[in-house]
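Content type PDB, C-alpha atoms, from the file run.pdb:
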```
ATOM      1  CA  MET Z   1      41.814 256.409 -22.978  1.00  0.00           C
ATOM      2  CA  SER Z   2      39.382 259.264 -22.557  1.00  0.00           C
ATOM      3  CA  ILE Z   3      37.193 260.071 -19.577  1.00  0.00           C
ATOM      4  CA  ASP Z   4      34.288 260.003 -22.025  1.00  0.00           C
ATOM      5  CA  VAL Z   5      33.905 256.285 -21.227  1.00  0.00           C
ATOM      6  CA  ILE Z   6      32.725 257.235 -17.714  1.00  0.00           C
ATOM      7  CA  SER Z   7      28.945 257.470 -17.418  1.00  0.00           C
ATOM      8  CA  PRO Z   8      28.049 260.753 -15.696  1.00  0.00           C
ATOM      9  CA  THR Z   9      24.618 259.289 -14.980  1.00  0.00           C
ATOM     10  CA  LEU Z  10      26.085 256.345 -13.061  1.00  0.00           C
ATOM     11  CA  VAL Z  11      28.393 258.689 -11.128  1.00  0.00           C
ATOM     12  CA  ARG Z  12      25.598 261.103 -10.210  1.00  0.00           C
ATOM     13  CA  ASN Z  13      23.194 258.291  -9.284  1.00  0.00           C
ATOM     14  CA  PHE Z  14      25.833 256.769  -7.006  1.00  0.00           C
ATOM     15  CA  LEU Z  15      26.513 260.109  -5.314  1.00  0.00           C
ATOM     16  CA  SER Z  16      22.802 260.718  -4.927  1.00  0.00           C
ATOM     17  CA  ASP Z  17      22.350 257.253  -3.371  1.00  0.00           C
ATOM     18  CA  ILE Z  18      25.009 257.951  -0.765  1.00  0.00           C
ATOM     19  CA  LYS Z  19      23.615 261.459  -0.135  1.00  0.00           C
ATOM     20  CA  ARG Z  20      26.694 263.453  -1.212  1.00  0.00           C
ATOM     21  CA  GLU Z  21      26.275 267.211  -1.481  1.00  0.00           C
ATOM     22  CA  LEU Z  22      28.234 267.228  -4.741  1.00  0.00           C
ATOM     23  CA  VAL Z  23      24.949 266.418  -6.481  1.00  0.00           C
ATOM     24  CA  ALA Z  24      22.524 268.201  -4.141  1.00  0.00           C
ATOM     25  CA  PRO Z  25      19.716 270.120  -5.864  1.00  0.00           C
ATOM     26  CA  GLY Z  26      20.980 273.505  -6.994  1.00  0.00           C
ATOM     27  CA  ASN Z  27      24.623 272.443  -6.759  1.00  0.00           C
ATOM     28  CA  VAL Z  28      25.962 272.327 -10.326  1.00  0.00           C
ATOM     29  CA  VAL Z  29      29.382 270.692 -10.542  1.00  0.00           C
ATOM     30  CA  PRO Z  30      30.980 270.105 -13.959  1.00  0.00           C
ATOM     31  CA  GLU Z  31      31.678 266.451 -14.739  1.00  0.00           C
ATOM     32  CA  LEU Z  32      35.461 266.814 -14.746  1.00  0.00           C
ATOM     33  CA  ASP Z  33      35.412 268.531 -11.335  1.00  0.00           C
ATOM     34  CA  LEU Z  34      33.092 265.838 -10.045  1.00  0.00           C
ATOM     35  CA  TYR Z  35      35.459 263.092 -11.227  1.00  0.00           C
ATOM     36  CA  ARG Z  36      38.464 264.883  -9.739  1.00  0.00           C
ATOM     37  CA  ASN Z  37      36.707 265.342  -6.387  1.00  0.00           C
ATOM     38  CA  MET Z  38      35.930 261.626  -6.339  1.00  0.00           C
ATOM     39  CA  ARG Z  39      39.509 260.835  -7.429  1.00  0.00           C
ATOM     40  CA  ILE Z  40      38.284 258.522 -10.204  1.00  0.00           C
ATOM     41  CA  THR Z  41      40.450 260.260 -12.825  1.00  0.00           C
ATOM     42  CA  THR Z  42      44.082 261.229 -12.888  1.00  0.00           C
ATOM     43  CA  PRO Z  43      46.085 263.643 -15.059  1.00  0.00           C
ATOM     44  CA  ILE Z  44      48.519 262.019 -17.480  1.00  0.00           C
ATOM     45  CA  ASN Z  45      50.395 263.938 -20.179  1.00  0.00           C
ATOM     46  CA  SER Z  46      48.196 267.046 -19.824  1.00  0.00           C
ATOM     47  CA  HIS Z  47      44.849 265.234 -20.044  1.00  0.00           C
ATOM     48  CA  GLU Z  48      42.624 263.301 -17.660  1.00  0.00           C
ATOM     49  CA  VAL Z  49      42.268 259.531 -17.832  1.00  0.00           C
ATOM     50  CA  PRO Z  50      39.975 257.254 -15.828  1.00  0.00           C
ATOM     51  CA  ARG Z  51      41.404 255.252 -12.940  1.00  0.00           C
ATOM     52  CA  ASN Z  52      40.619 251.540 -12.691  1.00  0.00           C
ATOM     53  CA  ILE Z  53      37.917 252.196 -10.088  1.00  0.00           C
ATOM     54  CA  ALA Z  54      36.053 254.372 -12.604  1.00  0.00           C
ATOM     55  CA  LEU Z  55      36.290 251.620 -15.218  1.00  0.00           C
ATOM     56  CA  LEU Z  56      34.957 249.038 -12.766  1.00  0.00           C
ATOM     57  CA  PHE Z  57      32.069 251.015 -11.298  1.00  0.00           C
ATOM     58  CA  PHE Z  58      31.124 253.842 -13.624  1.00  0.00           C
ATOM     59  CA  VAL Z  59      31.121 252.515 -17.194  1.00  0.00           C
ATOM     60  CA  ASP Z  60      28.273 250.663 -18.854  1.00  0.00           C
ATOM     61  CA  ASN Z  61      30.324 247.533 -19.584  1.00  0.00           C
ATOM     62  CA  PRO Z  62      33.193 246.946 -17.120  1.00  0.00           C
ATOM     63  CA  GLU Z  63      34.068 243.606 -18.763  1.00  0.00           C
ATOM     64  CA  GLU Z  64      35.259 245.532 -21.812  1.00  0.00           C
ATOM     65  CA  TYR Z  65      38.198 246.742 -19.698  1.00  0.00           C
ATOM     66  CA  PHE Z  66      38.461 243.887 -17.200  1.00  0.00           C
ATOM     67  CA  PRO Z  67      37.432 240.553 -18.754  1.00  0.00           C
ATOM     68  CA  GLY Z  68      35.713 238.383 -16.170  1.00  0.00           C
ATOM     69  CA  ALA Z  69      34.895 241.323 -13.894  1.00  0.00           C
ATOM     70  CA  ARG Z  70      31.582 240.307 -12.395  1.00  0.00           C
ATOM     71  CA  ILE Z  71      29.862 239.526  -9.135  1.00  0.00           C
ATOM     72  CA  GLU Z  72      28.341 236.115  -8.557  1.00  0.00           C
ATOM     73  CA  ILE Z  73      25.734 235.543  -5.847  1.00  0.00           C
ATOM     74  CA  VAL Z  74      24.557 232.056  -5.020  1.00  0.00           C
ATOM     75  CA  GLN Z  75      21.749 231.154  -2.648  1.00  0.00           C
ATOM     76  CA  PHE Z  76      21.630 227.635  -1.212  1.00  0.00           C
ATOM     77  CA  GLY Z  77      18.612 225.882   0.250  1.00  0.00           C
ATOM     78  CA  ASP Z  78      20.282 224.744   3.458  1.00  0.00           C
ATOM     79  CA  ASP Z  79      23.138 225.686   5.755  1.00  0.00           C
ATOM     80  CA  ALA Z  80      25.322 222.821   4.523  1.00  0.00           C
ATOM     81  CA  GLY Z  81      25.620 224.415   1.071  1.00  0.00           C
ATOM     82  CA  GLY Z  82      23.468 221.918  -0.800  1.00  0.00           C
ATOM     83  CA  ASN Z  83      20.357 222.304  -2.916  1.00  0.00           C
ATOM     84  CA  LEU Z  84      21.201 225.291  -5.054  1.00  0.00           C
ATOM     85  CA  ILE Z  85      18.154 227.579  -5.165  1.00  0.00           C
ATOM     86  CA  GLU Z  86      19.385 230.496  -7.199  1.00  0.00           C
ATOM     87  CA  GLU Z  87      22.502 231.800  -8.872  1.00  0.00           C
ATOM     88  CA  LYS Z  88      22.799 235.314 -10.243  1.00  0.00           C
ATOM     89  CA  ILE Z  89      25.704 236.846 -12.156  1.00  0.00           C
ATOM     90  CA  PHE Z  90      25.930 240.646 -12.277  1.00  0.00           C
ATOM     91  CA  ARG Z  91      27.886 242.149 -15.132  1.00  0.00           C
ATOM     92  CA  ARG Z  92      26.644 245.656 -14.550  1.00  0.00           C
ATOM     93  CA  PRO Z  93      28.058 248.689 -12.789  1.00  0.00           C
ATOM     94  CA  GLU Z  94      27.737 248.838  -9.006  1.00  0.00           C
ATOM     95  CA  PRO Z  95      24.655 251.069  -8.574  1.00  0.00           C
ATOM     96  CA  ARG Z  96      22.492 248.751 -10.653  1.00  0.00           C
ATOM     97  CA  PHE Z  97      23.936 245.712  -8.869  1.00  0.00           C
ATOM     98  CA  ARG Z  98      23.105 247.225  -5.482  1.00  0.00           C
ATOM     99  CA  GLU Z  99      19.531 247.996  -6.539  1.00  0.00           C
ATOM    100  CA  SER Z 100      19.015 244.442  -7.769  1.00  0.00           C
ATOM    101  CA  TYR Z 101      20.642 242.940  -4.673  1.00  0.00           C
ATOM    102  CA  GLU Z 102      18.565 245.050  -2.275  1.00  0.00           C
ATOM    103  CA  SER Z 103      15.382 244.215  -4.183  1.00  0.00           C
ATOM    104  CA  ARG Z 104      16.163 240.485  -3.919  1.00  0.00           C
ATOM    105  CA  ARG Z 105      16.963 240.854  -0.225  1.00  0.00           C
ATOM    106  CA  ARG Z 106      13.660 242.639   0.483  1.00  0.00           C
ATOM    107  CA  LYS Z 107      11.757 239.860  -1.278  1.00  0.00           C
ATOM    108  CA  LYS Z 108      13.593 237.238   0.798  1.00  0.00           C
ATOM    109  CA  ASP Z 109      13.098 239.119   4.097  1.00  0.00           C
ATOM    110  CA  GLY Z 110       9.566 240.213   3.212  1.00  0.00           C
TER     111      GLY Z 110
END
```

This structure in C-alpha coordinates:
Amino acid sequence: MSIDVISPTLVRNFLSDIKRELVAPGNVVPELDLYRNMRITTPINSHEVPRNIALLFFVDNPEEYFPGARIEIVQFGDDAGGNLIEEKIFRRPEPRFRESYESRRRKKDG
(Lines of atoms letter the chains of each structure in order from A and count residues from 1; the text may use other names and numbers.)
(Lines give C-alpha, C1' and ligand atoms only; values in the text may rest on other atoms or scores of the structure.)
Protein backbone atom coordinates (compact mmCIF):
# COMPACT_ATOMS: atom_id res chain seq x y z
CA MET A 1 0.00 0.00 0.00
CA SER A 2 1.27 3.43 -0.92
CA ILE A 3 1.32 6.57 1.20
CA ASP A 4 -0.58 8.21 -1.65
CA VAL A 5 -3.81 7.15 0.10
CA ILE A 6 -3.05 9.67 2.87
CA SER A 7 -4.70 13.04 2.33
CA PRO A 8 -2.09 15.78 2.81
CA THR A 9 -4.95 18.25 3.22
CA LEU A 10 -6.42 16.33 6.16
CA VAL A 11 -2.96 16.03 7.75
CA ARG A 12 -2.17 19.73 7.36
CA ASN A 13 -5.63 20.81 8.56
CA PHE A 14 -5.24 18.63 11.66
CA LEU A 15 -1.80 20.06 12.41
CA SER A 16 -3.08 23.57 11.86
CA ASP A 17 -6.02 22.92 14.22
CA ILE A 18 -3.68 21.81 16.99
CA LYS A 19 -1.30 24.73 16.29
CA ARG A 20 1.78 22.67 15.32
CA GLU A 21 4.72 24.59 13.90
CA LEU A 22 5.21 21.93 11.23
CA VAL A 23 2.60 23.78 9.18
CA ALA A 24 3.26 27.35 10.37
CA PRO A 25 3.21 30.01 7.64
CA GLY A 26 6.55 30.08 5.86
CA ASN A 27 7.52 26.62 7.11
CA VAL A 28 7.54 24.32 4.07
CA VAL A 29 7.83 20.65 5.03
CA PRO A 30 7.60 17.97 2.32
CA GLU A 31 4.73 15.54 2.78
CA LEU A 32 6.93 12.51 3.43
CA ASP A 33 8.90 14.38 6.12
CA LEU A 34 5.65 15.56 7.64
CA TYR A 35 4.32 11.99 7.80
CA ARG A 36 7.58 10.72 9.27
CA ASN A 37 7.61 13.45 11.93
CA MET A 38 4.07 12.49 12.89
CA ARG A 39 5.02 8.79 12.82
CA ILE A 40 2.01 7.92 10.64
CA THR A 41 4.17 6.04 8.12
CA THR A 42 6.81 3.39 8.50
CA PRO A 43 9.53 2.08 6.17
CA ILE A 44 9.00 -1.44 4.86
CA ASN A 45 11.15 -3.03 2.16
CA SER A 46 12.74 0.30 1.15
CA HIS A 47 9.49 2.25 0.80
CA GLU A 48 7.10 4.02 3.15
CA VAL A 49 3.68 2.61 4.00
CA PRO A 50 0.91 4.17 6.08
CA ARG A 51 0.37 3.00 9.65
CA ASN A 52 -3.14 2.11 10.80
CA ILE A 53 -3.54 5.49 12.51
CA ALA A 54 -3.01 7.22 9.15
CA LEU A 55 -5.64 4.99 7.55
CA LEU A 56 -8.13 5.75 10.32
CA PHE A 57 -7.67 9.51 10.55
CA PHE A 58 -6.10 10.81 7.36
CA VAL A 59 -7.79 9.11 4.41
CA ASP A 60 -11.05 10.16 2.82
CA ASN A 61 -12.80 6.83 3.45
CA PRO A 62 -11.47 4.94 6.50
CA GLU A 63 -14.13 2.22 6.10
CA GLU A 64 -12.36 1.10 2.93
CA TYR A 65 -9.53 -0.17 5.14
CA PHE A 66 -11.44 -0.86 8.36
CA PRO A 67 -15.03 -1.95 7.67
CA GLY A 68 -17.34 -0.65 10.37
CA ALA A 69 -14.89 2.05 11.49
CA ARG A 70 -17.19 4.87 12.52
CA ILE A 71 -18.21 7.00 15.46
CA GLU A 72 -21.79 6.96 16.68
CA ILE A 73 -23.16 9.75 18.86
CA VAL A 74 -26.59 9.47 20.41
CA GLN A 75 -28.40 12.19 22.33
CA PHE A 76 -31.23 11.19 24.67
CA GLY A 77 -34.01 13.42 25.94
CA ASP A 78 -33.64 12.53 29.61
CA ASP A 79 -31.05 11.26 32.06
CA ALA A 80 -32.58 7.78 32.17
CA GLY A 81 -31.61 7.14 28.53
CA GLY A 82 -35.10 7.26 27.07
CA ASN A 83 -36.67 9.38 24.36
CA LEU A 84 -34.04 9.31 21.66
CA ILE A 85 -33.64 12.84 20.29
CA GLU A 86 -30.86 12.45 17.79
CA GLU A 87 -28.44 9.87 16.47
CA LYS A 88 -25.52 10.74 14.23
CA ILE A 89 -23.05 8.36 12.57
CA PHE A 90 -19.72 9.81 11.40
CA ARG A 91 -17.91 7.92 8.69
CA ARG A 92 -15.46 10.69 7.97
CA PRO A 93 -11.90 11.39 9.02
CA GLU A 94 -11.34 12.92 12.46
CA PRO A 95 -10.93 16.63 11.60
CA ARG A 96 -14.31 16.77 9.89
CA PHE A 97 -15.89 14.78 12.73
CA ARG A 98 -14.49 17.22 15.30
CA GLU A 99 -15.80 20.23 13.37
CA SER A 100 -19.27 18.71 13.15
CA TYR A 101 -19.25 17.66 16.80
CA GLU A 102 -18.13 21.09 18.02
CA SER A 103 -20.73 22.80 15.84
CA ARG A 104 -23.47 20.58 17.33
CA ARG A 105 -22.18 21.24 20.84
CA ARG A 106 -22.21 25.02 20.32
CA LYS A 107 -25.81 24.85 19.10
CA LYS A 108 -26.79 22.81 22.17
CA ASP A 109 -24.93 25.09 24.61
CA GLY A 110 -25.91 28.26 22.76

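Note that the spacing between CA of Arg39 (chain Z) and CA of Leu56 (chain Z) amounts to 13.7 Å.
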
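Our summary of the geometry notes that CA of Thr41 (chain Z) is positioned 23.6 Å from CA of Ile71 (chain Z).
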
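Residues in contact with Glu48 (chain Z) at up to 10 Å, not including ones fewer than 2 positions away on its chain and judged by all atoms listed in the file, are Met1, Ser2, Ile3, Asp4, Leu32, Tyr35, Arg36, Ile40, Thr41, Thr42, Pro43, Ile44, Asn45, Ser46, Pro50 and Arg51 of chain Z.
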
So which one's closest to Asn52 (chain Z), Z:Leu34, Z:Ala69, Z:Leu22, Z:Val74? Using all atoms listed in the file, please.
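Residue with the minimum atom-to-atom distance to Asn52 (chain Z): Z:Ala69.
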
Just so the selection is clear, what residues does the PyMOL selection byres ((chain Z and resi 84-91) around 6) cover here, as a list in words?
Arg70, Ile71, Glu72, Ile73, Val74, Gln75, Phe76, Gly77, Gly82, Asn83 and Arg92 of chain Z

How would you write, as JSON, numbers by chain, the residues chosen by the PyMOL selection byres ((chain Z and resi 58) around 12) on this structure?
{"Z": [3, 4, 5, 6, 7, 8, 9, 10, 11, 12, 13, 14, 15, 35, 38, 40, 41, 50, 51, 52, 53, 54, 55, 56, 57, 59, 60, 61, 62, 63, 65, 92, 93, 94, 95, 96, 97]}
